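Enquirer: What follows is run33.cif; its format and atoms are mmCIF, C-alpha atoms, pLDDT in the B column; chains and numbers go by the auth columns.
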data_entry
loop_
_atom_site.group_PDB
_atom_site.id
_atom_site.type_symbol
_atom_site.label_atom_id
_atom_site.label_comp_id
_atom_site.label_asym_id
_atom_site.label_seq_id
_atom_site.Cartn_x
_atom_site.Cartn_y
_atom_site.Cartn_z
_atom_site.B_iso_or_equiv
_atom_site.auth_seq_id
_atom_site.auth_asym_id
ATOM 1 C CA MET A 1 -11.597 4.843 -3.472 78.00 28 A
ATOM 2 C CA SER A 2 -8.240 6.559 -2.834 80.00 29 A
ATOM 3 C CA SER A 3 -5.401 6.549 -5.375 82.00 30 A
ATOM 4 C CA PHE A 4 -3.397 4.377 -2.973 84.00 31 A
ATOM 5 C CA ARG A 5 -6.063 1.655 -2.985 87.00 32 A
ATOM 6 C CA LYS A 6 -6.519 1.927 -6.752 88.00 33 A
ATOM 7 C CA GLN A 7 -2.775 1.503 -7.226 89.00 34 A
ATOM 8 C CA ALA A 8 -2.663 -1.562 -4.981 92.00 35 A
ATOM 9 C CA TRP A 9 -5.666 -3.151 -6.707 94.00 36 A
ATOM 10 C CA SER A 10 -4.184 -2.478 -10.151 93.00 37 A
ATOM 11 C CA HIS A 11 -0.888 -4.099 -9.086 94.00 38 A
ATOM 12 C CA LEU A 12 -2.739 -7.176 -7.818 95.00 39 A
ATOM 13 C CA THR A 13 -4.776 -7.387 -11.046 95.00 40 A
ATOM 14 C CA ILE A 14 -1.654 -7.173 -13.219 95.00 41 A
ATOM 15 C CA CYS A 15 0.065 -9.853 -11.102 95.00 42 A
ATOM 16 C CA ALA A 16 -2.970 -12.116 -11.441 96.00 43 A
ATOM 17 C CA LEU A 17 -2.944 -11.581 -15.226 96.00 44 A
ATOM 18 C CA ALA A 18 0.793 -12.364 -15.357 94.00 45 A
ATOM 19 C CA LEU A 19 0.267 -15.577 -13.375 94.00 46 A
ATOM 20 C CA LEU A 20 -2.594 -16.535 -15.691 96.00 47 A
ATOM 21 C CA ALA A 21 -0.439 -15.854 -18.776 94.00 48 A
ATOM 22 C CA VAL A 22 2.435 -17.936 -17.382 93.00 49 A
ATOM 23 C CA THR A 23 0.069 -20.821 -16.590 93.00 50 A
ATOM 24 C CA VAL A 24 -1.576 -20.710 -20.041 95.00 51 A
ATOM 25 C CA LEU A 25 1.794 -20.526 -21.826 93.00 52 A
ATOM 26 C CA LEU A 26 3.096 -23.429 -19.743 91.00 53 A
ATOM 27 C CA ARG A 27 0.052 -25.504 -20.708 92.00 54 A
ATOM 28 C CA VAL A 28 0.260 -24.550 -24.389 92.00 55 A
ATOM 29 C CA THR A 29 4.022 -24.776 -24.956 90.00 56 A
ATOM 30 C CA GLY A 30 4.965 -27.231 -22.205 86.00 57 A
ATOM 31 C CA ASN A 31 8.200 -25.277 -21.884 85.00 58 A
ATOM 32 C CA VAL A 32 9.060 -23.539 -18.588 83.00 59 A
ATOM 33 C CA LEU A 33 11.401 -21.019 -20.205 85.00 60 A
ATOM 34 C CA ALA A 34 8.864 -20.045 -22.887 87.00 61 A
ATOM 35 C CA SER A 35 6.143 -19.609 -20.285 88.00 62 A
ATOM 36 C CA LEU A 36 8.251 -16.952 -18.533 88.00 63 A
ATOM 37 C CA ALA A 37 7.220 -14.574 -21.337 89.00 64 A
ATOM 38 C CA GLY A 38 3.950 -14.265 -19.408 90.00 65 A
ATOM 39 C CA PHE A 39 5.791 -12.215 -16.802 90.00 66 A
ATOM 40 C CA SER A 40 6.208 -9.459 -19.404 90.00 67 A
ATOM 41 C CA ILE A 41 2.680 -8.402 -18.425 92.00 68 A
ATOM 42 C CA LEU A 42 4.289 -7.013 -15.246 90.00 69 A
ATOM 43 C CA SER A 43 5.620 -4.166 -17.395 90.00 70 A
ATOM 44 C CA LEU A 44 2.079 -2.726 -17.343 91.00 71 A
ATOM 45 C CA ILE A 45 2.852 -1.641 -13.772 89.00 72 A
ATOM 46 C CA GLY A 46 5.134 1.026 -15.247 89.00 73 A
ATOM 47 C CA PHE A 47 2.196 2.492 -17.188 88.00 74 A
ATOM 48 C CA ILE A 48 -0.047 2.366 -14.122 86.00 75 A
ATOM 49 C CA GLU A 49 2.514 4.352 -12.108 83.00 76 A
ATOM 50 C CA LEU A 50 2.788 6.915 -14.911 85.00 77 A
ATOM 51 C CA TYR A 51 -0.994 7.185 -15.081 84.00 78 A
ATOM 52 C CA PHE A 52 -1.249 8.062 -11.376 80.00 79 A
ATOM 53 C CA LEU A 53 1.697 10.441 -11.625 79.00 80 A
ATOM 54 C CA LEU A 54 0.412 12.348 -14.634 81.00 81 A
ATOM 55 C CA ARG A 55 -3.276 12.405 -13.753 74.00 82 A
ATOM 56 C CA ARG A 56 -4.197 15.970 -12.978 64.00 83 A
ATOM 57 C CA ASN A 57 -6.630 16.444 -10.167 66.00 84 A
ATOM 58 C CA SER A 58 -6.559 18.270 -6.887 62.00 85 A
ATOM 59 C CA ARG A 59 -6.323 15.165 -4.704 68.00 86 A
ATOM 60 C CA PRO A 60 -2.922 14.040 -3.434 67.00 87 A
ATOM 61 C CA ILE A 61 -1.536 10.777 -4.882 73.00 88 A
ATOM 62 C CA GLN A 62 -0.426 9.732 -1.403 78.00 89 A
ATOM 63 C CA ASP A 63 -0.687 11.340 1.993 84.00 90 A
ATOM 64 C CA GLU A 64 1.175 10.622 5.234 88.00 91 A
ATOM 65 C CA ARG A 65 -1.087 7.681 6.173 89.00 92 A
ATOM 66 C CA ASP A 66 -0.597 6.082 2.757 89.00 93 A
ATOM 67 C CA ARG A 67 3.169 6.520 3.072 90.00 94 A
ATOM 68 C CA ASP A 68 3.110 4.875 6.527 90.00 95 A
ATOM 69 C CA ASN A 69 1.172 1.941 5.112 91.00 96 A
ATOM 70 C CA GLN A 70 3.478 1.747 2.105 92.00 97 A
ATOM 71 C CA ILE A 71 6.582 1.551 4.290 94.00 98 A
ATOM 72 C CA LYS A 72 5.019 -1.192 6.437 94.00 99 A
ATOM 73 C CA SER A 73 3.863 -3.180 3.404 95.00 100 A
ATOM 74 C CA GLN A 74 7.314 -2.893 1.813 94.00 101 A
ATOM 75 C CA MET A 75 8.927 -4.223 4.997 95.00 102 A
ATOM 76 C CA VAL A 76 6.567 -7.206 5.037 96.00 103 A
ATOM 77 C CA ALA A 77 7.130 -7.811 1.302 95.00 104 A
ATOM 78 C CA TYR A 78 10.911 -7.806 1.614 93.00 105 A
ATOM 79 C CA SER A 79 10.747 -10.051 4.690 94.00 106 A
ATOM 80 C CA GLY A 80 8.657 -12.451 2.597 93.00 107 A
ATOM 81 C CA PHE A 81 11.125 -12.186 -0.268 92.00 108 A
ATOM 82 C CA TRP A 82 14.158 -12.955 1.899 93.00 109 A
ATOM 83 C CA LEU A 83 12.429 -15.876 3.625 93.00 110 A
ATOM 84 C CA CYS A 84 11.590 -17.390 0.229 91.00 111 A
ATOM 85 C CA PHE A 85 15.077 -16.613 -1.088 89.00 112 A
ATOM 86 C CA VAL A 86 16.763 -18.401 1.818 91.00 113 A
ATOM 87 C CA ALA A 87 14.289 -21.303 1.635 91.00 114 A
ATOM 88 C CA TRP A 88 15.061 -21.641 -2.092 87.00 115 A
ATOM 89 C CA GLY A 89 18.792 -21.443 -1.391 85.00 116 A
ATOM 90 C CA VAL A 90 18.465 -24.298 1.091 88.00 117 A
ATOM 91 C CA TYR A 91 16.072 -26.389 -1.018 87.00 118 A
ATOM 92 C CA VAL A 92 18.037 -26.412 -4.297 85.00 119 A
ATOM 93 C CA PRO A 93 21.313 -27.863 -2.893 83.00 120 A
ATOM 94 C CA LEU A 94 19.281 -30.429 -0.932 85.00 121 A
ATOM 95 C CA ARG A 95 17.409 -31.461 -4.076 84.00 122 A
ATOM 96 C CA PHE A 96 20.378 -31.580 -6.461 83.00 123 A
ATOM 97 C CA SER A 97 23.221 -31.992 -3.923 79.00 124 A
ATOM 98 C CA SER A 98 25.725 -29.193 -3.463 71.00 125 A
ATOM 99 C CA GLU A 99 27.878 -30.435 -6.343 75.00 126 A
ATOM 100 C CA GLY A 100 25.055 -31.413 -8.695 74.00 127 A
ATOM 101 C CA LEU A 101 23.923 -29.551 -11.806 83.00 128 A
ATOM 102 C CA VAL A 102 20.839 -27.410 -11.294 81.00 129 A
ATOM 103 C CA PRO A 103 18.463 -27.464 -14.293 82.00 130 A
ATOM 104 C CA ILE A 104 18.151 -24.079 -15.991 81.00 131 A
ATOM 105 C CA HIS A 105 14.361 -23.961 -15.447 78.00 132 A
ATOM 106 C CA PHE A 106 15.014 -23.955 -11.687 79.00 133 A
ATOM 107 C CA VAL A 107 17.212 -20.862 -11.948 81.00 134 A
ATOM 108 C CA THR A 108 15.860 -18.652 -14.739 83.00 135 A
ATOM 109 C CA PRO A 109 12.390 -17.975 -13.295 84.00 136 A
ATOM 110 C CA ILE A 110 13.815 -16.721 -9.985 85.00 137 A
ATOM 111 C CA VAL A 111 14.137 -13.041 -10.852 86.00 138 A
ATOM 112 C CA ALA A 112 10.670 -12.642 -12.362 87.00 139 A
ATOM 113 C CA THR A 113 9.044 -14.769 -9.671 89.00 140 A
ATOM 114 C CA ALA A 114 10.759 -12.815 -6.894 89.00 141 A
ATOM 115 C CA LEU A 115 9.606 -9.502 -8.386 90.00 142 A
ATOM 116 C CA TRP A 116 6.092 -10.892 -8.751 92.00 143 A
ATOM 117 C CA LEU A 117 6.117 -12.101 -5.145 92.00 144 A
ATOM 118 C CA VAL A 118 7.294 -8.738 -3.784 94.00 145 A
ATOM 119 C CA ILE A 119 4.614 -6.830 -5.730 94.00 146 A
ATOM 120 C CA VAL A 120 1.828 -9.203 -4.645 95.00 147 A
ATOM 121 C CA ILE A 121 2.751 -9.167 -0.945 95.00 148 A
ATOM 122 C CA ARG A 122 3.253 -5.384 -0.921 94.00 149 A
ATOM 123 C CA ALA A 123 -0.094 -4.674 -2.596 95.00 150 A
ATOM 124 C CA ALA A 124 -2.000 -7.182 -0.456 95.00 151 A
ATOM 125 C CA VAL A 125 -0.543 -5.909 2.830 95.00 152 A
ATOM 126 C CA ALA A 126 -1.163 -2.285 1.771 93.00 153 A
ATOM 127 C CA LEU A 127 -4.825 -3.103 1.108 93.00 154 A
ATOM 128 C CA ILE A 128 -5.168 -4.920 4.441 94.00 155 A
ATOM 129 C CA LEU A 129 -3.593 -2.056 6.406 91.00 156 A
ATOM 130 C CA ASP A 130 -5.680 0.553 4.590 88.00 157 A
ATOM 131 C CA GLY A 131 -8.845 -1.497 5.060 87.00 158 A
ATOM 132 C CA ARG A 132 -8.254 -1.873 8.801 84.00 159 A
ATOM 133 C CA GLN A 133 -8.128 1.925 9.188 81.00 160 A
ATOM 134 C CA SER A 134 -11.289 2.631 7.190 76.00 161 A
ATOM 135 C CA MET B 1 -5.376 -0.828 24.052 51.00 67 B
ATOM 136 C CA SER B 2 -4.087 0.234 20.631 60.00 68 B
ATOM 137 C CA ARG B 3 -1.866 3.259 20.117 61.00 69 B
ATOM 138 C CA SER B 4 -4.536 5.112 18.142 58.00 70 B
ATOM 139 C CA SER B 5 -7.281 4.661 20.748 62.00 71 B
ATOM 140 C CA LEU B 6 -5.071 6.481 23.294 80.00 72 B
ATOM 141 C CA PHE B 7 -5.100 9.560 21.096 82.00 73 B
ATOM 142 C CA THR B 8 -8.656 10.742 20.575 87.00 74 B
ATOM 143 C CA ASN B 9 -9.892 13.782 18.727 89.00 75 B
ATOM 144 C CA SER B 10 -12.918 15.993 18.213 90.00 76 B
ATOM 145 C CA VAL B 11 -12.457 16.503 14.480 93.00 77 B
ATOM 146 C CA ARG B 12 -15.981 15.343 13.689 92.00 78 B
ATOM 147 C CA ARG B 13 -17.509 17.702 16.272 92.00 79 B
ATOM 148 C CA GLN B 14 -15.335 20.562 15.073 91.00 80 B
ATOM 149 C CA ARG B 15 -16.399 19.987 11.477 93.00 81 B
ATOM 150 C CA PHE B 16 -20.033 20.332 12.399 92.00 82 B
ATOM 151 C CA LYS B 17 -19.296 23.414 14.518 91.00 83 B
ATOM 152 C CA HIS B 18 -17.689 24.977 11.460 88.00 84 B
ATOM 153 C CA GLY B 19 -20.607 25.082 9.082 88.00 85 B
ATOM 154 C CA GLU B 20 -20.975 21.316 8.732 88.00 86 B
ATOM 155 C CA MET B 21 -17.754 21.107 6.781 91.00 87 B
ATOM 156 C CA THR B 22 -17.565 17.868 4.811 93.00 88 B
ATOM 157 C CA GLN B 23 -14.764 15.331 5.213 93.00 89 B
ATOM 158 C CA ALA B 24 -13.809 15.957 1.591 91.00 90 B
ATOM 159 C CA GLU B 25 -13.551 19.714 2.190 93.00 91 B
ATOM 160 C CA LEU B 26 -11.379 19.252 5.289 94.00 92 B
ATOM 161 C CA ALA B 27 -9.212 16.716 3.437 92.00 93 B
ATOM 162 C CA ARG B 28 -8.736 19.154 0.559 91.00 94 B
ATOM 163 C CA ARG B 29 -7.781 22.000 2.907 92.00 95 B
ATOM 164 C CA VAL B 30 -5.158 20.003 4.809 92.00 96 B
ATOM 165 C CA ASP B 31 -3.940 18.174 1.678 88.00 97 B
ATOM 166 C CA VAL B 32 -4.728 14.576 2.637 91.00 98 B
ATOM 167 C CA THR B 33 -7.179 12.003 1.292 89.00 99 B
ATOM 168 C CA ARG B 34 -10.743 11.755 2.596 89.00 100 B
ATOM 169 C CA GLN B 35 -9.899 8.225 3.773 89.00 101 B
ATOM 170 C CA THR B 36 -7.350 9.682 6.177 92.00 102 B
ATOM 171 C CA ILE B 37 -9.977 11.996 7.689 93.00 103 B
ATOM 172 C CA ILE B 38 -12.301 8.980 8.045 92.00 104 B
ATOM 173 C CA ALA B 39 -9.528 6.982 9.783 91.00 105 B
ATOM 174 C CA LEU B 40 -8.731 9.945 12.041 92.00 106 B
ATOM 175 C CA GLU B 41 -12.352 10.453 13.112 92.00 107 B
ATOM 176 C CA ALA B 42 -12.650 6.734 13.857 90.00 108 B
ATOM 177 C CA ASN B 43 -9.503 6.977 16.025 88.00 109 B
ATOM 178 C CA LYS B 44 -7.814 4.411 13.812 88.00 110 B
ATOM 179 C CA TYR B 45 -4.941 6.630 12.780 89.00 111 B
ATOM 180 C CA VAL B 46 -2.592 8.860 14.772 90.00 112 B
ATOM 181 C CA PRO B 47 -1.709 11.912 12.657 91.00 113 B
ATOM 182 C CA SER B 48 1.688 13.544 12.432 91.00 114 B
ATOM 183 C CA LEU B 49 2.226 16.700 14.456 92.00 115 B
ATOM 184 C CA LEU B 50 2.167 18.685 11.214 92.00 116 B
ATOM 185 C CA LEU B 51 -1.221 17.312 10.164 93.00 117 B
ATOM 186 C CA ALA B 52 -2.632 17.792 13.677 93.00 118 B
ATOM 187 C CA ALA B 53 -1.483 21.430 13.644 94.00 119 B
ATOM 188 C CA ARG B 54 -2.941 22.009 10.177 94.00 120 B
ATOM 189 C CA ILE B 55 -6.309 20.582 11.219 95.00 121 B
ATOM 190 C CA ALA B 56 -6.331 22.656 14.409 94.00 122 B
ATOM 191 C CA ARG B 57 -5.578 25.794 12.399 94.00 123 B
ATOM 192 C CA ILE B 58 -8.507 25.129 10.052 94.00 124 B
ATOM 193 C CA PHE B 59 -10.780 25.113 13.126 93.00 125 B
ATOM 194 C CA ASN B 60 -9.083 28.178 14.680 92.00 126 B
ATOM 195 C CA ALA B 61 -8.191 26.033 17.692 91.00 127 B
ATOM 196 C CA THR B 62 -5.060 24.763 19.371 93.00 128 B
ATOM 197 C CA VAL B 63 -3.885 21.181 18.871 92.00 129 B
ATOM 198 C CA ASP B 64 -4.848 20.481 22.501 91.00 130 B
ATOM 199 C CA GLU B 65 -8.419 21.527 21.848 90.00 131 B
ATOM 200 C CA VAL B 66 -8.809 19.145 18.919 92.00 132 B
ATOM 201 C CA PHE B 67 -6.611 16.221 19.970 91.00 133 B
ATOM 202 C CA GLU B 68 -6.393 14.614 23.378 88.00 134 B
ATOM 203 C CA LEU B 69 -4.104 12.039 24.930 85.00 135 B
ATOM 204 C CA THR B 70 -6.370 9.768 26.999 80.00 136 B
ATOM 205 C CA GLU B 71 -4.103 7.909 29.388 69.00 137 B
#
As structure tokens - that is how I would like this structure written.
Expert:
Amino acid sequence: MSSFRKQAWSHLTICALALLAVTVLLRVTGNVLASLAGFSILSLIGFIELYFLLRRNSRPIQDERDRDNQIKSQMVAYSGFWLCFVAWGVYVPLRFSSEGLVPIHFVTPIVATALWLVIVIRAAVALILDGRQS
Amino acid sequence: MSRSSLFTNSVRRQRFKHGEMTQAELARRVDVTRQTIIALEANKYVPSLLLAARIARIFNATVDEVFELTE
């Protein structure tokens, strides 16, 4: 398995773990804001990147095909992000009216959830593109 | 017809002509992953001009002799 595929799989695994942690914390605490602590698992991605960067072997981390696939997967991920962002921007005023108060648990999770969404879509699309060429 | 199927190559044949060079060995010599060589040989990936030239040089051939535009 190439480093590119390993990276994508590790990102997906970490995102799945983060989702699991958020769900478990939500069940246990019953508090949306407290459950967001589960997203801290996403910080493991930083260690994964360092691992691939520092690992010393003769094989390239990424080659031109991987970079092509990465660019395409990033474009799809950011398209997905913006679609969700706009949908959220339309949904919230409809739900609470444009002059209503939006509960804090509707706003606070946005950053972590958006990051999670971008990582998941990017890794999944990268794996699909790579798989179609193998 | 996909873009990659219009651009065929004889990399696999050339590898065997050159002492049955493995995909891993070719990948190492042109500094790409083995998966890219697999994708190339299956005509599922169109290489950059730089990679095509590097591969051709490994086989002591011109780019034209290794890669062909089939239109």
Enquirer: Find the spatial neighbours of Val49 (chain A), counting only C-alpha atoms, within a cut-off of 9 Å - ignore same-chain residues fewer than 5 positions away - and output them as a VMD selection string.
Expert: chain A and resid 44 54 59 61 to 66
Enquirer: Counting only C-alpha atoms, collect the residues of chain B whose closest atom lies at most 7 Å from chain A, and write them out as an MDAnalysis selection string.
Expert: chainID B and resid 97:99 101:102 104:105 110:111
Enquirer: Taking the file above as input, evaluate the PyMOL selection byres ((chain B and resi 79) around 12) and report the hits as a list in words.
Expert: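 This file, filtered by the PyMOL selection byres ((chain B and resi 79) around 12), leaves Asn75, Ser76, Val77, Arg78, Gln80, Arg81, Phe82, Lys83, His84, Gly85, Glu86, Met87, Thr88, Gln89, Glu107, Phe125, Glu131, Val132 and Phe133 of chain B.
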Enquirer: Deliver the residues from the most recent selection as a file, using C-alpha atoms, as an mmCIF file, in the frame of the given file.
Expert:
data_model
loop_
_atom_site.group_PDB
_atom_site.id
_atom_site.type_symbol
_atom_site.label_atom_id
_atom_site.label_comp_id
_atom_site.auth_asym_id
_atom_site.auth_seq_id
_atom_site.Cartn_x
_atom_site.Cartn_y
_atom_site.Cartn_z
ATOM 1 C CA ASN B 75 -9.892 13.782 18.727
ATOM 2 C CA SER B 76 -12.918 15.993 18.213
ATOM 3 C CA VAL B 77 -12.457 16.503 14.480
ATOM 4 C CA ARG B 78 -15.981 15.343 13.689
ATOM 5 C CA GLN B 80 -15.335 20.562 15.073
ATOM 6 C CA ARG B 81 -16.399 19.987 11.477
ATOM 7 C CA PHE B 82 -20.033 20.332 12.399
ATOM 8 C CA LYS B 83 -19.296 23.414 14.518
ATOM 9 C CA HIS B 84 -17.689 24.977 11.460
ATOM 10 C CA GLY B 85 -20.607 25.082 9.082
ATOM 11 C CA GLU B 86 -20.975 21.316 8.732
ATOM 12 C CA MET B 87 -17.754 21.107 6.781
ATOM 13 C CA THR B 88 -17.565 17.868 4.811
ATOM 14 C CA GLN B 89 -14.764 15.331 5.213
ATOM 15 C CA GLU B 107 -12.352 10.453 13.112
ATOM 16 C CA PHE B 125 -10.780 25.113 13.126
ATOM 17 C CA GLU B 131 -8.419 21.527 21.848
ATOM 18 C CA VAL B 132 -8.809 19.145 18.919
ATOM 19 C CA PHE B 133 -6.611 16.221 19.970
#
Enquirer: Care to translate the PyMOL selection byres ((chain A and resi 155) around 12) into actual residues of this file, as a count of residues only?
Expert: 21
Enquirer: If I wrap all listed atoms of region 39-46 of chain A in a box with edges along x, y and z and add 6 Å on each side, what are its centre and edge lengths in Å to one decimal, as JSON?
Expert:
{"center_x": -2.0, "center_y": -11.4, "center_z": -11.6, "size_x": 17.6, "size_y": 20.4, "size_z": 19.5}
Enquirer: Find, counting all atoms listed in the file, the residue in A:Leu128, A:Leu39, A:Ile75, A:Leu69 that gets nearest to Thr140 (chain A).
Expert: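 Smallest separation from Thr140 (chain A) among the options: A:Leu69.
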Enquirer: Using all atoms listed in the file, determine which residues lie at most 8 Å from region 114-121 of chain B, disregarding the query and same-chain residues fewer than 2 positions distant; provide the list as a list in words.
Expert: Glu91 of chain A; Leu92, Val96, Val112, Arg123, Ile124, Phe125, Thr128, Val129 and Phe133 of chain B
Enquirer: If I take CA of Ile68 (chain A) and CA of Ile41 (chain A), how far is one from the other in Å, to one decimal?
Expert: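 Between CA of Ile68 (chain A) and CA of Ile41 (chain A) the gap works out to 6.9 Å.
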Enquirer: Interatomic distance between CA of Tyr118 (chain A) and CA of Ala139 (chain A)?
Expert: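 Taking CA of Tyr118 (chain A) as the start and CA of Ala139 (chain A) as the end point, the length is 18.6 Å.
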Enquirer: Please compute the CA of Leu142 (chain A)-CA of Leu80 (chain A) distance, one decimal, in Å.
Expert: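 Interatomic distance here is 21.7 Å.
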Enquirer: Of the candidates A:Val134, A:Leu144, A:Glu126, A:Tyr78, which one gets nearest to Ser106 (chain A) if we count all atoms listed in the file?
Expert: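 Closest candidate: A:Leu144.
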Enquirer: Which polymer residues have any atom within 8 Å of an atom of Leu135 (chain B), counting all atoms listed in the file, with same-chain residues fewer than 6 positions away left out, as an NGL selection string?
Expert: :B and (72-74)
Enquirer: Output region 72-92 of chain B from the block with N, CA and C atoms, as a JSON list (two decimals), in the first residue's frame?
Expert:
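Written out: decode-v1.json:
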[["chain", "number", "residue", "atom", "x", "y", "z"],
["B", 72, "LEU", "N", -6.42, 6.98, -24.61],
["B", 72, "LEU", "CA", -5.92, 7.54, -25.88],
["B", 72, "LEU", "C", -4.40, 7.58, -25.90],
["B", 73, "PHE", "N", -3.80, 7.41, -24.73],
["B", 73, "PHE", "CA", -2.36, 7.55, -24.61],
["B", 73, "PHE", "C", -1.80, 6.23, -24.08],
["B", 74, "THR", "N", -1.44, 5.35, -25.01],
["B", 74, "THR", "CA", -0.99, 4.02, -24.59],
["B", 74, "THR", "C", 0.54, 3.99, -24.46],
["B", 75, "ASN", "N", 1.02, 2.93, -23.87],
["B", 75, "ASN", "CA", 2.47, 2.83, -23.70],
["B", 75, "ASN", "C", 2.93, 1.38, -23.72],
["B", 76, "SER", "N", 4.24, 1.23, -23.91],
["B", 76, "SER", "CA", 4.82, -0.12, -23.94],
["B", 76, "SER", "C", 5.77, -0.32, -22.75],
["B", 77, "VAL", "N", 5.43, 0.28, -21.64],
["B", 77, "VAL", "CA", 6.32, 0.22, -20.47],
["B", 77, "VAL", "C", 6.52, -1.23, -20.03],
["B", 78, "ARG", "N", 5.42, -1.97, -20.00],
["B", 78, "ARG", "CA", 5.51, -3.37, -19.55],
["B", 78, "ARG", "C", 6.45, -4.18, -20.45],
["B", 79, "ARG", "N", 6.26, -4.01, -21.77],
["B", 79, "ARG", "CA", 7.11, -4.72, -22.74],
["B", 79, "ARG", "C", 8.57, -4.29, -22.58],
["B", 80, "GLN", "N", 8.77, -3.00, -22.41],
["B", 80, "GLN", "CA", 10.13, -2.48, -22.27],
["B", 80, "GLN", "C", 10.80, -3.02, -21.01],
["B", 81, "ARG", "N", 10.02, -3.17, -19.96],
["B", 81, "ARG", "CA", 10.59, -3.69, -18.71],
["B", 81, "ARG", "C", 11.13, -5.09, -18.92],
["B", 82, "PHE", "N", 10.34, -5.90, -19.64],
["B", 82, "PHE", "CA", 10.77, -7.28, -19.85],
["B", 82, "PHE", "C", 11.94, -7.36, -20.82],
["B", 83, "LYS", "N", 11.99, -6.40, -21.77],
["B", 83, "LYS", "CA", 13.13, -6.35, -22.70],
["B", 83, "LYS", "C", 14.41, -5.97, -21.96],
["B", 84, "HIS", "N", 14.26, -5.26, -20.87],
["B", 84, "HIS", "CA", 15.43, -4.80, -20.11],
["B", 84, "HIS", "C", 15.64, -5.64, -18.85],
["B", 85, "GLY", "N", 15.90, -6.88, -19.08],
["B", 85, "GLY", "CA", 16.26, -7.79, -17.98],
["B", 85, "GLY", "C", 15.14, -8.04, -17.00],
["B", 86, "GLU", "N", 13.91, -8.07, -17.50],
["B", 86, "GLU", "CA", 12.74, -8.31, -16.64],
["B", 86, "GLU", "C", 12.78, -7.43, -15.39],
["B", 87, "MET", "N", 12.96, -6.15, -15.65],
["B", 87, "MET", "CA", 12.99, -5.17, -14.56],
["B", 87, "MET", "C", 11.64, -5.19, -13.84],
["B", 88, "THR", "N", 11.68, -5.15, -12.53],
["B", 88, "THR", "CA", 10.41, -5.18, -11.78],
["B", 88, "THR", "C", 9.79, -3.78, -11.76],
["B", 89, "GLN", "N", 8.49, -3.76, -11.46],
["B", 89, "GLN", "CA", 7.79, -2.46, -11.35],
["B", 89, "GLN", "C", 8.41, -1.64, -10.22],
["B", 90, "ALA", "N", 8.78, -2.31, -9.14],
["B", 90, "ALA", "CA", 9.36, -1.61, -7.99],
["B", 90, "ALA", "C", 10.70, -0.97, -8.37],
["B", 91, "GLU", "N", 11.49, -1.71, -9.16],
["B", 91, "GLU", "CA", 12.80, -1.19, -9.58],
["B", 91, "GLU", "C", 12.63, 0.04, -10.49],
["B", 92, "LEU", "N", 11.70, -0.07, -11.44],
["B", 92, "LEU", "CA", 11.45, 1.07, -12.34],
["B", 92, "LEU", "C", 10.94, 2.27, -11.53]]
